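Structure data (mmCIF, C-alpha atoms) from query-v3.cif:
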```cif
data_structure
loop_
_atom_site.label_atom_id
_atom_site.label_comp_id
_atom_site.auth_asym_id
_atom_site.auth_seq_id
_atom_site.Cartn_x
_atom_site.Cartn_y
_atom_site.Cartn_z
CA MET E 570 -107.08 7.06 26.88
CA ASN E 571 -106.89 3.33 27.40
CA TYR E 572 -104.69 1.60 29.91
CA PHE E 573 -102.06 0.38 27.47
CA GLU E 574 -101.51 3.84 26.05
CA MET E 575 -101.25 5.19 29.55
CA LEU E 576 -98.64 2.60 30.48
CA ILE E 577 -96.45 3.42 27.47
CA ALA E 578 -96.93 7.15 27.96
CA ALA E 579 -95.97 7.03 31.64
CA ILE E 580 -92.92 4.83 31.12
CA PHE E 581 -91.41 6.29 27.95
CA VAL E 582 -93.01 9.56 26.87
CA ASN E 583 -93.42 11.28 30.22
CA ASN E 584 -90.77 9.38 32.12
CA ILE E 585 -91.01 10.59 35.68
CA ILE E 586 -87.29 11.27 36.09
CA LEU E 587 -86.13 12.11 32.61
CA ALA E 588 -89.04 14.28 31.49
CA GLN E 589 -90.72 15.43 34.71
CA TYR E 590 -87.71 15.74 37.02
CA LEU E 591 -89.27 13.91 39.96
CA GLY E 592 -87.18 11.66 42.16
CA CYS E 593 -83.81 12.94 41.05
CA CYS E 594 -82.16 12.43 44.44
CA PRO E 595 -82.36 8.62 44.45
CA PHE E 596 -81.65 8.70 40.72
CA VAL E 597 -78.27 10.28 41.42
CA GLY E 598 -77.74 8.86 44.90
CA CYS E 599 -78.49 5.17 44.56
CA SER E 600 -77.71 4.28 41.00
CA LYS E 601 -74.31 2.79 41.67
CA ASP E 602 -75.31 -0.84 41.61
CA ARG E 603 -77.96 -2.62 39.55
CA GLY E 604 -79.24 -4.70 42.47
CA VAL E 605 -79.77 -1.60 44.59
CA ALA E 606 -81.48 0.11 41.67
CA ILE E 607 -83.97 -2.75 41.26
CA GLY E 608 -84.65 -2.87 45.01
CA MET E 609 -85.26 0.85 45.18
CA GLY E 610 -87.45 0.74 42.08
CA ALA E 611 -89.55 -2.10 43.47
CA ALA E 612 -90.00 -0.33 46.80
CA VAL E 613 -91.02 2.91 45.08
CA THR E 614 -93.47 1.08 42.80
CA PHE E 615 -95.08 -0.68 45.73
CA VAL E 616 -95.34 2.38 47.97
CA ALA E 617 -96.34 4.82 45.21
CA SER E 618 -99.27 2.63 44.10
CA MET E 619 -100.53 2.20 47.65
CA ALA E 620 -99.93 5.82 48.60
CA THR E 621 -101.85 7.06 45.58
CA ALA E 622 -104.81 4.87 46.50
CA PHE E 623 -104.87 6.05 50.12
CA THR E 624 -104.36 9.73 49.31
CA TRP E 625 -107.10 9.51 46.68
CA LEU E 626 -109.54 8.13 49.26
CA MET E 627 -108.39 10.76 51.75
CA GLN E 628 -109.01 13.57 49.26
CA LYS E 629 -112.42 12.24 48.22
CA TYR E 630 -113.86 11.36 51.64
CA VAL E 631 -112.08 13.69 54.07
CA LEU E 632 -110.63 16.76 52.40
CA ASN E 633 -113.31 17.50 49.81
CA PRO E 634 -116.45 17.10 51.98
CA PHE E 635 -115.02 19.35 54.69
CA GLY E 636 -113.54 21.94 52.33
CA LEU E 637 -109.99 21.31 53.52
CA GLY E 638 -108.40 21.19 50.07
CA TYR E 639 -105.67 23.60 51.11
CA LEU E 640 -104.32 21.08 53.59
CA GLN E 641 -103.59 18.62 50.76
CA THR E 642 -99.80 18.76 51.06
CA LEU E 643 -99.78 18.29 54.83
CA VAL E 644 -102.29 15.45 54.82
CA PHE E 645 -100.68 13.63 51.89
CA ILE E 646 -97.21 13.65 53.40
CA LEU E 647 -98.59 12.38 56.71
CA VAL E 648 -100.50 9.61 54.94
CA ILE E 649 -97.37 8.62 53.03
CA ALA E 650 -95.16 8.71 56.12
CA SER E 651 -97.50 6.56 58.19
CA LEU E 652 -98.14 4.21 55.27
CA VAL E 653 -94.42 3.66 54.88
CA GLN E 654 -94.10 2.91 58.60
CA PHE E 655 -97.01 0.52 58.45
CA VAL E 656 -95.74 -1.29 55.35
CA GLU E 657 -92.38 -1.68 57.00
CA MET E 658 -93.88 -3.23 60.14
CA PHE E 659 -96.23 -5.44 58.12
CA LEU E 660 -93.46 -6.79 55.91
CA LYS E 661 -91.16 -7.35 58.86
CA LYS E 662 -93.79 -9.46 60.62
CA MET E 663 -95.54 -11.21 57.73
CA VAL E 664 -93.13 -11.46 54.78
CA PRO E 665 -89.57 -11.52 56.16
CA PRO E 666 -87.84 -12.40 52.85
CA LEU E 667 -89.42 -9.40 51.11
CA TYR E 668 -88.54 -7.23 54.10
CA LYS E 669 -84.94 -8.33 53.81
CA SER E 670 -84.70 -7.18 50.22
CA LEU E 671 -86.82 -4.00 50.41
CA GLY E 672 -86.45 -3.12 54.10
CA ILE E 673 -83.57 -0.68 53.90
CA PHE E 674 -85.22 1.31 51.11
CA LEU E 675 -88.54 1.86 52.83
CA PRO E 676 -87.64 4.57 55.37
CA LEU E 677 -86.00 6.59 52.61
CA ILE E 678 -89.09 6.61 50.46
CA THR E 679 -91.04 9.02 52.66
CA THR E 680 -88.90 11.85 51.39
CA ASN E 681 -88.83 10.67 47.79
CA CYS E 682 -90.53 13.37 45.78
CA ALA E 683 -91.72 10.85 43.20
CA VAL E 684 -94.22 9.32 45.65
CA LEU E 685 -95.75 12.59 46.84
CA GLY E 686 -95.49 14.00 43.32
CA LEU E 687 -97.48 11.14 41.80
CA ALA E 688 -100.18 11.40 44.47
CA ILE E 689 -100.56 15.13 43.77
CA LEU E 690 -100.36 14.74 39.98
CA ALA E 691 -103.11 12.11 40.06
CA GLN E 692 -105.30 14.63 41.90
CA ARG E 693 -104.46 17.50 39.56
CA ASN E 694 -105.29 15.37 36.52
CA GLU E 695 -108.60 14.46 38.19
CA PHE E 696 -108.28 10.72 37.60
CA GLY E 697 -110.64 8.18 39.18
CA LEU E 698 -109.37 5.76 41.80
CA GLY E 699 -108.44 2.87 39.49
CA VAL E 700 -106.84 5.11 36.90
CA SER E 701 -104.88 6.97 39.60
CA VAL E 702 -103.40 3.77 40.96
CA PHE E 703 -102.58 2.49 37.49
CA TYR E 704 -100.98 5.81 36.61
CA ALA E 705 -98.80 5.75 39.74
CA PHE E 706 -97.86 2.14 39.08
CA SER E 707 -96.79 2.74 35.49
CA ALA E 708 -94.93 5.97 36.30
CA ALA E 709 -93.05 4.13 39.05
CA LEU E 710 -92.15 1.43 36.51
CA GLY E 711 -90.66 4.22 34.41
CA PHE E 712 -88.71 5.33 37.48
CA THR E 713 -87.37 1.79 37.92
CA LEU E 714 -86.37 1.59 34.26
CA ALA E 715 -84.47 4.88 34.36
CA LEU E 716 -82.75 3.94 37.62
CA PHE E 717 -81.75 0.53 36.26
CA LEU E 718 -80.36 1.95 33.01
CA MET E 719 -78.41 4.56 34.93
CA ALA E 720 -76.94 1.93 37.26
CA GLY E 721 -75.89 -0.13 34.25
CA ILE E 722 -74.10 2.83 32.70
CA ARG E 723 -72.46 3.73 36.00
CA GLU E 724 -71.04 0.25 36.41
CA ARG E 725 -69.32 0.69 33.05
CA LEU E 726 -68.18 4.15 34.02
CA VAL E 727 -66.08 2.79 36.86
CA ILE E 728 -63.54 1.40 34.41
CA SER E 729 -63.45 4.41 32.11
CA ARG E 730 -61.23 7.43 32.48
CA VAL E 731 -63.14 10.56 33.46
CA PRO E 732 -61.47 13.95 34.07
CA LYS E 733 -60.94 14.42 37.79
CA SER E 734 -63.26 17.34 38.27
CA MET E 735 -66.08 15.60 36.36
CA GLN E 736 -66.07 12.40 38.41
CA GLY E 737 -69.05 11.21 40.40
CA THR E 738 -72.27 13.17 40.36
CA SER E 739 -71.12 15.58 37.68
CA ILE E 740 -70.62 13.02 34.92
CA GLY E 741 -73.70 11.21 36.22
CA LEU E 742 -75.86 14.23 35.49
CA VAL E 743 -74.38 14.72 32.02
CA MET E 744 -75.20 11.09 31.27
CA ALA E 745 -78.69 11.58 32.61
CA GLY E 746 -78.99 14.45 30.14
CA LEU E 747 -78.01 12.20 27.24
CA MET E 748 -80.46 9.54 28.42
CA SER E 749 -83.12 12.19 28.66
CA LEU E 750 -82.32 13.21 25.09
CA THR E 751 -82.87 9.62 24.00
CA PHE E 752 -86.20 9.46 25.79
CA PHE E 753 -87.05 12.78 24.19
CA ALA E 754 -87.38 10.92 20.92
CA PHE E 755 -90.53 9.23 22.27
CA GLN E 756 -92.26 12.58 22.52
CA GLY E 757 -95.13 12.86 20.11
CA MET E 758 -95.44 9.09 19.86
CA ILE E 759 -98.69 9.17 21.81
CA GLY E 760 -101.29 11.89 22.01
CA MET C 683 -68.71 36.24 64.33
CA SER C 684 -70.08 32.73 64.16
CA PHE C 685 -73.41 34.13 62.94
CA VAL C 686 -71.61 35.57 59.93
CA LYS C 687 -69.66 32.36 59.45
CA GLU C 688 -72.77 30.16 59.41
CA PHE C 689 -74.44 32.59 57.05
CA ALA C 690 -71.51 32.82 54.64
CA LYS C 691 -70.84 29.11 54.28
CA GLY C 692 -74.08 28.64 52.36
CA LEU C 693 -73.07 31.22 49.81
CA TRP C 694 -69.98 29.51 48.46
CA LYS C 695 -68.27 26.80 50.46
CA GLU C 696 -71.37 24.69 50.96
CA LEU C 697 -73.51 26.10 48.17
CA PRO C 698 -76.49 23.73 48.40
CA PRO C 699 -77.20 22.59 44.85
CA PHE C 700 -73.71 22.88 43.41
CA ARG C 701 -71.48 21.75 46.30
CA LEU C 702 -73.71 19.66 48.56
CA VAL C 703 -75.95 18.56 45.66
CA LEU C 704 -79.09 18.89 47.75
CA GLY C 705 -82.60 19.27 46.39
CA LEU C 706 -81.98 18.50 42.74
CA CYS C 707 -85.54 18.14 41.51
CA PRO C 708 -86.55 21.81 41.67
CA VAL C 709 -83.09 22.85 40.52
CA LEU C 710 -83.69 20.95 37.30
CA ALA C 711 -87.38 21.58 36.92
CA VAL C 712 -88.04 25.23 37.61
CA THR C 713 -84.99 26.76 35.96
CA LYS C 714 -86.52 27.21 32.53
CA SER C 715 -86.31 30.93 33.16
CA ALA C 716 -84.44 33.11 35.62
CA ALA C 717 -87.66 34.54 37.09
CA ASP C 718 -89.03 31.08 37.94
CA GLY C 719 -85.75 30.18 39.63
CA LEU C 720 -85.85 33.36 41.69
CA GLY C 721 -89.46 32.77 42.77
CA MET C 722 -88.78 29.17 43.75
CA GLY C 723 -85.72 30.33 45.68
CA ALA C 724 -87.77 32.88 47.60
CA ALA C 725 -90.30 30.21 48.60
CA VAL C 726 -87.48 27.93 49.75
CA ILE C 727 -85.84 30.73 51.79
CA PHE C 728 -89.15 31.32 53.60
CA VAL C 729 -89.66 27.66 54.46
CA LEU C 730 -86.02 26.96 55.27
CA VAL C 731 -85.48 29.91 57.63
CA LEU C 732 -88.72 29.31 59.52
CA SER C 733 -88.33 25.55 59.70
CA ASN C 734 -84.75 25.90 60.93
CA ALA C 735 -85.87 28.41 63.55
CA ILE C 736 -88.82 26.34 64.79
CA ILE C 737 -86.92 23.05 64.82
CA SER C 738 -84.08 24.66 66.70
CA MET C 739 -86.53 26.03 69.27
CA VAL C 740 -88.15 22.67 69.92
CA ARG C 741 -85.05 20.53 69.42
CA LYS C 742 -84.77 19.65 73.10
CA ILE C 743 -88.33 18.41 73.52
CA ILE C 744 -88.49 16.26 70.38
CA PRO C 745 -87.82 12.60 71.19
CA LYS C 746 -84.97 11.31 69.05
CA LYS C 747 -86.91 8.42 67.56
CA VAL C 748 -89.69 10.47 66.01
CA ARG C 749 -87.65 13.51 65.05
CA ILE C 750 -87.89 12.97 61.27
CA ALA C 751 -91.67 12.80 61.50
CA CYS C 752 -91.70 16.01 63.54
CA PHE C 753 -89.46 17.75 61.01
CA ILE C 754 -91.77 16.70 58.20
CA VAL C 755 -94.87 17.98 59.97
CA ILE C 756 -93.23 21.36 60.67
CA ALA C 757 -91.97 21.67 57.09
CA ALA C 758 -95.34 20.62 55.66
CA SER C 759 -97.24 23.23 57.68
CA LEU C 760 -94.87 25.91 56.43
CA VAL C 761 -95.24 24.72 52.86
CA VAL C 762 -99.03 24.95 53.14
CA ALA C 763 -98.55 28.55 54.34
CA VAL C 764 -96.32 29.30 51.34
CA GLU C 765 -98.86 27.77 48.97
CA LEU C 766 -101.64 29.95 50.36
CA LEU C 767 -99.46 33.08 50.27
CA MET C 768 -98.45 32.43 46.68
CA GLN C 769 -102.02 31.77 45.61
CA ALA C 770 -102.99 35.10 47.13
CA TYR C 771 -100.14 37.35 46.01
CA ALA C 772 -98.22 35.64 43.21
CA TYR C 773 -100.69 33.46 41.34
CA PRO C 774 -98.90 33.45 37.93
CA LEU C 775 -95.70 32.29 39.64
CA TYR C 776 -97.64 29.63 41.55
CA GLN C 777 -99.02 28.36 38.24
CA SER C 778 -95.67 28.23 36.50
CA LEU C 779 -93.96 26.45 39.40
CA GLY C 780 -96.83 23.96 39.45
CA ILE C 781 -96.33 20.80 41.43
CA PHE C 782 -92.93 21.87 42.71
CA VAL C 783 -94.39 24.22 45.33
CA PRO C 784 -95.98 21.42 47.41
CA LEU C 785 -92.91 19.32 46.75
CA ILE C 786 -90.73 21.73 48.75
CA VAL C 787 -91.78 19.61 51.72
CA VAL C 788 -89.80 16.61 50.48
CA ASN C 789 -86.90 18.69 49.22
CA CYS C 790 -83.79 17.25 50.87
CA ILE C 791 -82.49 20.73 51.59
CA ILE C 792 -85.16 21.29 54.26
CA LEU C 793 -84.79 17.94 56.03
CA GLY C 794 -81.06 17.89 55.41
CA ARG C 795 -80.48 21.20 57.16
CA ALA C 796 -82.92 20.28 59.94
CA GLU C 797 -81.11 17.03 60.61
CA ALA C 798 -77.57 18.25 60.08
CA PHE C 799 -77.77 21.70 61.64
CA ALA C 800 -80.96 23.01 63.23
CA SER C 801 -81.47 20.01 65.52
CA LYS C 802 -78.04 20.58 67.09
CA ASN C 803 -77.59 24.35 67.21
CA PRO C 804 -79.16 27.36 68.94
CA VAL C 805 -81.86 29.43 67.26
CA HIS C 806 -79.85 32.38 65.99
CA LEU C 807 -77.22 30.17 64.33
CA SER C 808 -79.95 28.03 62.75
CA ILE C 809 -81.57 31.12 61.30
CA ALA C 810 -78.20 32.23 59.90
CA ASP C 811 -77.69 28.78 58.41
CA GLY C 812 -81.16 28.75 56.87
CA LEU C 813 -80.77 32.23 55.47
CA GLY C 814 -77.34 31.54 54.00
CA MET C 815 -78.36 28.20 52.52
CA GLY C 816 -81.61 29.68 51.19
CA ILE C 817 -79.85 32.59 49.52
CA GLY C 818 -77.21 30.28 48.11
CA PHE C 819 -79.99 28.06 46.73
CA THR C 820 -81.76 31.07 45.20
CA MET C 821 -78.56 32.35 43.60
CA SER C 822 -77.83 28.97 42.09
CA LEU C 823 -81.35 28.59 40.76
CA THR C 824 -81.36 32.07 39.28
CA PHE C 825 -77.93 31.51 37.73
CA LEU C 826 -78.93 28.22 36.13
CA GLY C 827 -82.27 29.69 35.07
CA ALA C 828 -80.56 32.70 33.48
CA LEU C 829 -78.10 30.47 31.65
CA ARG C 830 -80.83 28.26 30.24
CA GLU C 831 -83.10 31.19 29.39
CA VAL C 832 -80.38 33.17 27.59
CA PHE C 833 -79.32 30.29 25.36
CA GLY C 834 -82.62 28.45 25.12
CA ALA C 835 -84.92 31.39 24.46
CA GLY C 836 -82.56 34.31 23.85
CA LYS C 837 -84.08 36.21 26.76
CA LEU C 838 -83.21 37.20 30.31
CA PHE C 839 -86.02 37.83 32.82
CA GLY C 840 -88.27 38.10 29.75
CA ALA C 841 -86.20 40.82 28.01
CA THR C 842 -84.62 39.96 24.67
CA VAL C 843 -80.83 39.66 24.82
CA PHE C 844 -79.74 38.85 21.28
CA GLY C 845 -80.73 40.46 17.99
CA PRO C 846 -83.50 39.17 15.72
CA ASP C 847 -81.11 36.82 13.90
CA PHE C 848 -80.60 34.68 17.03
CA LYS C 849 -81.85 31.12 16.70
CA PRO C 850 -82.77 29.78 20.16
CA PHE C 851 -80.95 26.65 21.22
CA THR C 852 -84.11 24.85 22.32
CA PHE C 853 -82.15 21.94 23.79
CA MET C 854 -81.32 24.14 26.79
CA VAL C 855 -84.87 24.75 27.98
CA GLU C 856 -85.90 21.12 27.59
CA ALA C 857 -85.21 18.34 30.09
CA PRO C 858 -81.89 17.12 28.60
CA GLY C 859 -80.42 20.62 28.73
CA ALA C 860 -81.20 20.88 32.43
CA PHE C 861 -79.30 17.71 33.28
CA VAL C 862 -76.30 18.50 31.07
CA CYS C 863 -76.06 22.12 32.29
CA LEU C 864 -76.18 21.11 35.94
CA GLY C 865 -73.62 18.37 35.35
CA LEU C 866 -71.22 20.78 33.68
CA ILE C 867 -71.68 23.39 36.42
CA LEU C 868 -70.89 20.75 39.06
CA GLY C 869 -67.77 19.85 37.10
CA ALA C 870 -66.73 23.50 36.95
CA MET C 871 -67.31 23.90 40.70
CA ASN C 872 -65.16 20.83 41.38
CA TYR C 873 -62.46 22.20 39.12
CA LEU C 874 -62.48 25.53 40.95
CA ALA C 875 -62.32 23.85 44.36
CA ILE C 876 -59.39 21.67 43.31
CA TRP C 877 -57.56 24.65 41.79
CA GLN C 878 -58.16 26.77 44.88
CA SER C 879 -56.82 24.23 47.34
CA LYS C 880 -53.83 23.48 45.11
CA ARG C 881 -52.89 27.15 45.12
CA LYS C 882 -53.10 27.31 48.89
CA GLY C 883 -51.26 24.02 49.25
CA LEU C 884 -54.13 22.33 51.06
CA PRO C 885 -55.09 18.68 50.66
CA GLU C 886 -57.55 17.96 47.87
CA PRO C 887 -61.17 18.73 48.69
CA SER C 888 -63.90 16.15 48.38
CA LEU C 889 -65.83 16.30 45.13
CA ALA C 890 -69.42 17.43 45.08
CA ALA C 891 -71.12 14.36 46.41
CA SER C 892 -74.73 13.37 46.21
CA CYS C 893 -77.03 14.51 48.99
CA GLY C 894 -74.19 15.38 51.36
CA GLY C 895 -75.98 16.08 54.60
CA CYS C 896 -79.17 14.20 53.97
CA ARG C 897 -79.28 10.58 54.95
CA ALA C 898 -82.88 10.45 53.91
CA CYS C 899 -82.21 9.72 50.27
CA SER C 900 -78.68 8.49 49.80
CA ILE C 901 -78.95 4.74 49.92
CA GLY C 902 -75.24 4.13 49.69
CA GLU C 903 -74.55 5.85 52.96
CA SER C 904 -77.40 4.30 54.87
CA LYS C 905 -76.28 0.88 53.70
CA GLN C 906 -72.85 1.62 55.09
CA ILE C 907 -74.37 2.75 58.36
CA MET C 908 -76.36 -0.44 58.58
CA GLN C 909 -73.28 -2.53 57.98
CA GLU C 910 -71.22 -0.63 60.49
CA GLY C 911 -73.75 -0.53 63.27
#
```

So that I can check it, write out the structure of this file as structure tokens.
Amino acid sequence: MNYFEMLIAAIFVNNIILAQYLGCCPFVGCSKDRGVAIGMGAAVTFVASMATAFTWLMQKYVLNPFGLGYLQTLVFILVIASLVQFVEMFLKKMVPPLYKSLGIFLPLITTNCAVLGLAILAQRNEFGLGVSVFYAFSAALGFTLALFLMAGIRERLVISRVPKSMQGTSIGLVMAGLMSLTFFAFQGMIG
Amino acid sequence: MSFVKEFAKGLWKELPPFRLVLGLCPVLAVTKSAADGLGMGAAVIFVLVLSNAIISMVRKIIPKKVRIACFIVIAASLVVAVELLMQAYAYPLYQSLGIFVPLIVVNCIILGRAEAFASKNPVHLSIADGLGMGIGFTMSLTFLGALREVFGAGKLFGATVFGPDFKPFTFMVEAPGAFVCLGLILGAMNYLAIWQSKRKGLPEPSLAASCGGCRACSIGESKQIMQEG
């Protein structure tokens, strides 16, 4: 599979939220404003790509040679948590404007299942290093797209009349279902 | 008394996925069938009860600044244990749950309960809380799984429910069905809560909000906190 196909497949066909159910919490929790959605998406893209690279190296050079494969979950989450800390400190010191826009999202990303999920999926699919990183990057772009679309719909929803008991998260999930149905149409486009 | 109270709140009043809206990813992903939901729920009960107990035991010696990291390490060790147990004794289930077994570690329900309850309460209450929340989670998952399995495949726990003429409503077992079903259930739960408090003459309850107890993933709240403090 070439890179372009992979990009399209990860963004549209196997969208990480709408087809693989990863990262639903931020999808529901922080899709109220388009600016926030973009910020969150950018932070996830950045961290997911880096985390996949580091966890791949960890798996190849630490876990596999010593036969510690069963510790994958523990090691990966520690790598991600410390990476997030490090990125936060680095940005704060070296690139203050970027820190200002992404800073508040970074601590929340440790517990985002999309990041850990992508790192593990890249291992389970047995990709090489470059392909793994590209896969994580394109899947995170799909995450950003879904989050942005959802935020756009939600901004419209504010002015529409929703039954009282359906307000908030409830109607949000029904809309996510309809979006997912739309993305479903891409299935079978590739592969 | 309070043991029973902490246990019972997870079963209805603060039912994790439907009232607190915690831990949505597995709720959506592993409820293609009732059996998968039940298995996932059992794994979560194991991790949640033990993590609550351990965190409650060590809550006084964990420095406040690194508490989240400590919670994650404890939860991750327990998840590794669950993975190994499932590989040994329930391999087919492990295969069908796939990536969502390791992902229990980042499930907001674990960190949410650790942060909101276990880090502030004694051990026996934390165990009650974990058990109640875990059972509530399992019930919800099994319920949603049964609903989707019955309509999407015409089966329940693998046994055929409808006659041979039944045409499965495939929409339900695919991704869109999961979102719509969960959304409608949340709506129904809100409706029930509003109706209940109206009958008793109480003020209106808050609607099922996103990630109630878990600051870790709800950006809106953390933004507010940053602005306030």

Using all atoms listed in the file, find each residue of chain E with at least one atom at most 7 Å away from an atom of chain C; report its shortest atom-to-atom pair and that distance in Å (one decimal), sort the rows by chain and rising residue number, and return the result as a tab-separated table.
```
residue	atom	partner	partner_atom	distance
E:Leu587	CA	C:Ala857	CA	6.8
E:Ala588	CA	C:Ala857	CA	5.8
E:Tyr590	CA	C:Cys707	CA	5.5
E:Leu591	CA	C:Cys707	CA	5.8
E:Gly592	CA	C:Cys707	CA	6.7
E:Cys593	CA	C:Cys707	CA	5.5
E:Cys594	CA	C:Leu706	CA	6.3
E:Pro595	CA	C:Cys899	CA	5.9
E:Val597	CA	C:Ser892	CA	6.7
E:Gly598	CA	C:Ser900	CA	5.0
E:Cys599	CA	C:Ile901	CA	5.4
E:Leu640	CA	C:Val762	CA	6.6
E:Thr642	CA	C:Pro784	CA	5.9
E:Leu643	CA	C:Ala758	CA	5.1
E:Leu677	CA	C:Ala898	CA	5.1
E:Thr680	CA	C:Val788	CA	4.9
E:Asn681	CA	C:Val788	CA	6.6
E:Cys682	CA	C:Val788	CA	5.8
E:Gly686	CA	C:Leu785	CA	6.8
E:Ser734	CA	C:Tyr873	CA	5.0
E:Met735	CA	C:Gly869	CA	4.6
E:Thr738	CA	C:Ala891	CA	6.3
E:Ser739	CA	C:Gly865	CA	4.4
E:Ile740	CA	C:Gly865	CA	6.1
E:Leu742	CA	C:Gly865	CA	4.7
E:Val743	CA	C:Val862	CA	4.3
E:Ala745	CA	C:Phe861	CA	6.2
E:Gly746	CA	C:Pro858	CA	4.2
E:Leu747	CA	C:Pro858	CA	6.4
E:Ser749	CA	C:Pro858	CA	5.1
E:Leu750	CA	C:Pro858	CA	5.3
```

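Near Arg830 of chain C, within 7 Å and counting only C-alpha atoms, sit Lys714, Ser715, Met854 and Val855 of chain C; same-chain residues fewer than 5 positions away were not included.
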
(message) I'd like the interatomic distance between atom CA of Gly816 of chain C and atom CA of Leu730 of chain C, to a tenth of an Å.
(response) 6.6 Å

(request) I need the residue set behind the PyMOL selection byres ((chain E and resi 695-707) around 7) for this file; please write it as a ChimeraX atom specification. (result) /E:576,579-580,614,617-618,621-622,625,687,691-694,708-711

(request) Enter the distance from atom CA of Thr751 of chain E to atom CA of Ala835 of chain C, in Å, rounded to one decimal. (result)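 Result for atom CA of Thr751 of chain E versus atom CA of Ala835 of chain C: 21.9 Å, one decimal.
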
(request) For atom CA of Phe753 of chain C and atom CA of Ala683 of chain E, determine how far apart the two atoms are, in Å to one decimal place. (result)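 Separation between atom CA of Phe753 of chain C and atom CA of Ala683 of chain E: 19.2 Å.
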
(request) For each of E:Thr713, E:Leu652, E:Ile689, E:Asn584, take the minimum atom-to-atom distance to Gly638 of chain E, counting all atoms listed in the file, then give the residue where this is smallest. (result)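 Between E:Thr713, E:Leu652, E:Ile689, E:Asn584, the residue approaching Gly638 of chain E most closely is E:Ile689.
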
Determine, counting only C-alpha atoms, which protein, DNA and RNA residues have an atom within 10 Å of an atom of Ala841 of chain C; residues of the same chain fewer than 4 positions away are not included. Present the result as a CSV table (one decimal) with C-alpha atoms, in the frame of the given file.
```csv
chain,number,residue,atom,x,y,z
C,832,VAL,CA,-80.4,33.2,27.6
C,836,GLY,CA,-82.6,34.3,23.8
C,837,LYS,CA,-84.1,36.2,26.8
```

(request) Tell me which residues the PyMOL selection byres ((chain C and resi 721) around 9) grabs here, as a ChimeraX atom specification. (result) /C:716-720,722-726,775-776,779,820,824

Listed atoms of segment 718-724 of chain E boxed along x, y and z, 8 Å each side, centre and edge lengths in Å, one decimal, as AutoDock Vina command-line options:
```
--center_x -75.7 --center_y 2.2 --center_z 35.0 --size_x 25.3 --size_y 20.7 --size_z 20.6
```

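For the residues E:Leu675, E:Leu726, E:Leu714, E:Val648, ranking by smallest atom-to-atom distance to Lys661 of chain E using all atoms listed in the file places E:Leu675 first.
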
Which residues match the PyMOL selection byres ((chain C and resi 731-742) around 8) in the file above, as a PDB file with C-alpha atoms, keeping the file's coordinate frame?
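File produced: out_1.pdb:
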```
ATOM      1  CA  ILE C 727     -85.840  30.730  51.790  1.00  0.00           C
ATOM      2  CA  PHE C 728     -89.150  31.320  53.600  1.00  0.00           C
ATOM      3  CA  VAL C 729     -89.660  27.660  54.460  1.00  0.00           C
ATOM      4  CA  LEU C 730     -86.020  26.960  55.270  1.00  0.00           C
ATOM      5  CA  ILE C 743     -88.330  18.410  73.520  1.00  0.00           C
ATOM      6  CA  ILE C 744     -88.490  16.260  70.380  1.00  0.00           C
ATOM      7  CA  PRO C 745     -87.820  12.600  71.190  1.00  0.00           C
ATOM      8  CA  PHE C 753     -89.460  17.750  61.010  1.00  0.00           C
ATOM      9  CA  ILE C 756     -93.230  21.360  60.670  1.00  0.00           C
ATOM     10  CA  ALA C 757     -91.970  21.670  57.090  1.00  0.00           C
ATOM     11  CA  LEU C 760     -94.870  25.910  56.430  1.00  0.00           C
ATOM     12  CA  ILE C 792     -85.160  21.290  54.260  1.00  0.00           C
ATOM     13  CA  ARG C 795     -80.480  21.200  57.160  1.00  0.00           C
ATOM     14  CA  ALA C 796     -82.920  20.280  59.940  1.00  0.00           C
ATOM     15  CA  ALA C 800     -80.960  23.010  63.230  1.00  0.00           C
ATOM     16  CA  SER C 801     -81.470  20.010  65.520  1.00  0.00           C
ATOM     17  CA  LYS C 802     -78.040  20.580  67.090  1.00  0.00           C
ATOM     18  CA  ASN C 803     -77.590  24.350  67.210  1.00  0.00           C
ATOM     19  CA  PRO C 804     -79.160  27.360  68.940  1.00  0.00           C
ATOM     20  CA  VAL C 805     -81.860  29.430  67.260  1.00  0.00           C
ATOM     21  CA  HIS C 806     -79.850  32.380  65.990  1.00  0.00           C
ATOM     22  CA  SER C 808     -79.950  28.030  62.750  1.00  0.00           C
ATOM     23  CA  ILE C 809     -81.570  31.120  61.300  1.00  0.00           C
ATOM     24  CA  ALA C 810     -78.200  32.230  59.900  1.00  0.00           C
ATOM     25  CA  ASP C 811     -77.690  28.780  58.410  1.00  0.00           C
ATOM     26  CA  GLY C 812     -81.160  28.750  56.870  1.00  0.00           C
ATOM     27  CA  LEU C 813     -80.770  32.230  55.470  1.00  0.00           C
ATOM     28  CA  GLY C 816     -81.610  29.680  51.190  1.00  0.00           C
TER      29      GLY C 816
END
```

(message) Please determine, counting only C-alpha atoms, which residue among E:Phe615, E:Phe655, E:Phe635, E:Phe752 has the shortest atom-to-atom distance to Phe581 of chain E.
(response)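 So, comparing all the options, the nearest one is E:Phe752.
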
(message) Residues near Glu724 of chain E, anyone? I mean within 12 Å using only C-alpha atoms, not counting same-chain ones fewer than 5 positions away, as a list of chain:residue names.
(response)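 Result of the neighbour search: E:Ser600, E:Lys601, E:Asp602, E:Arg603, E:Gly604, E:Ala606, E:Phe717, E:Leu718, E:Met719, E:Ser729, E:Gly737, E:Gly741.
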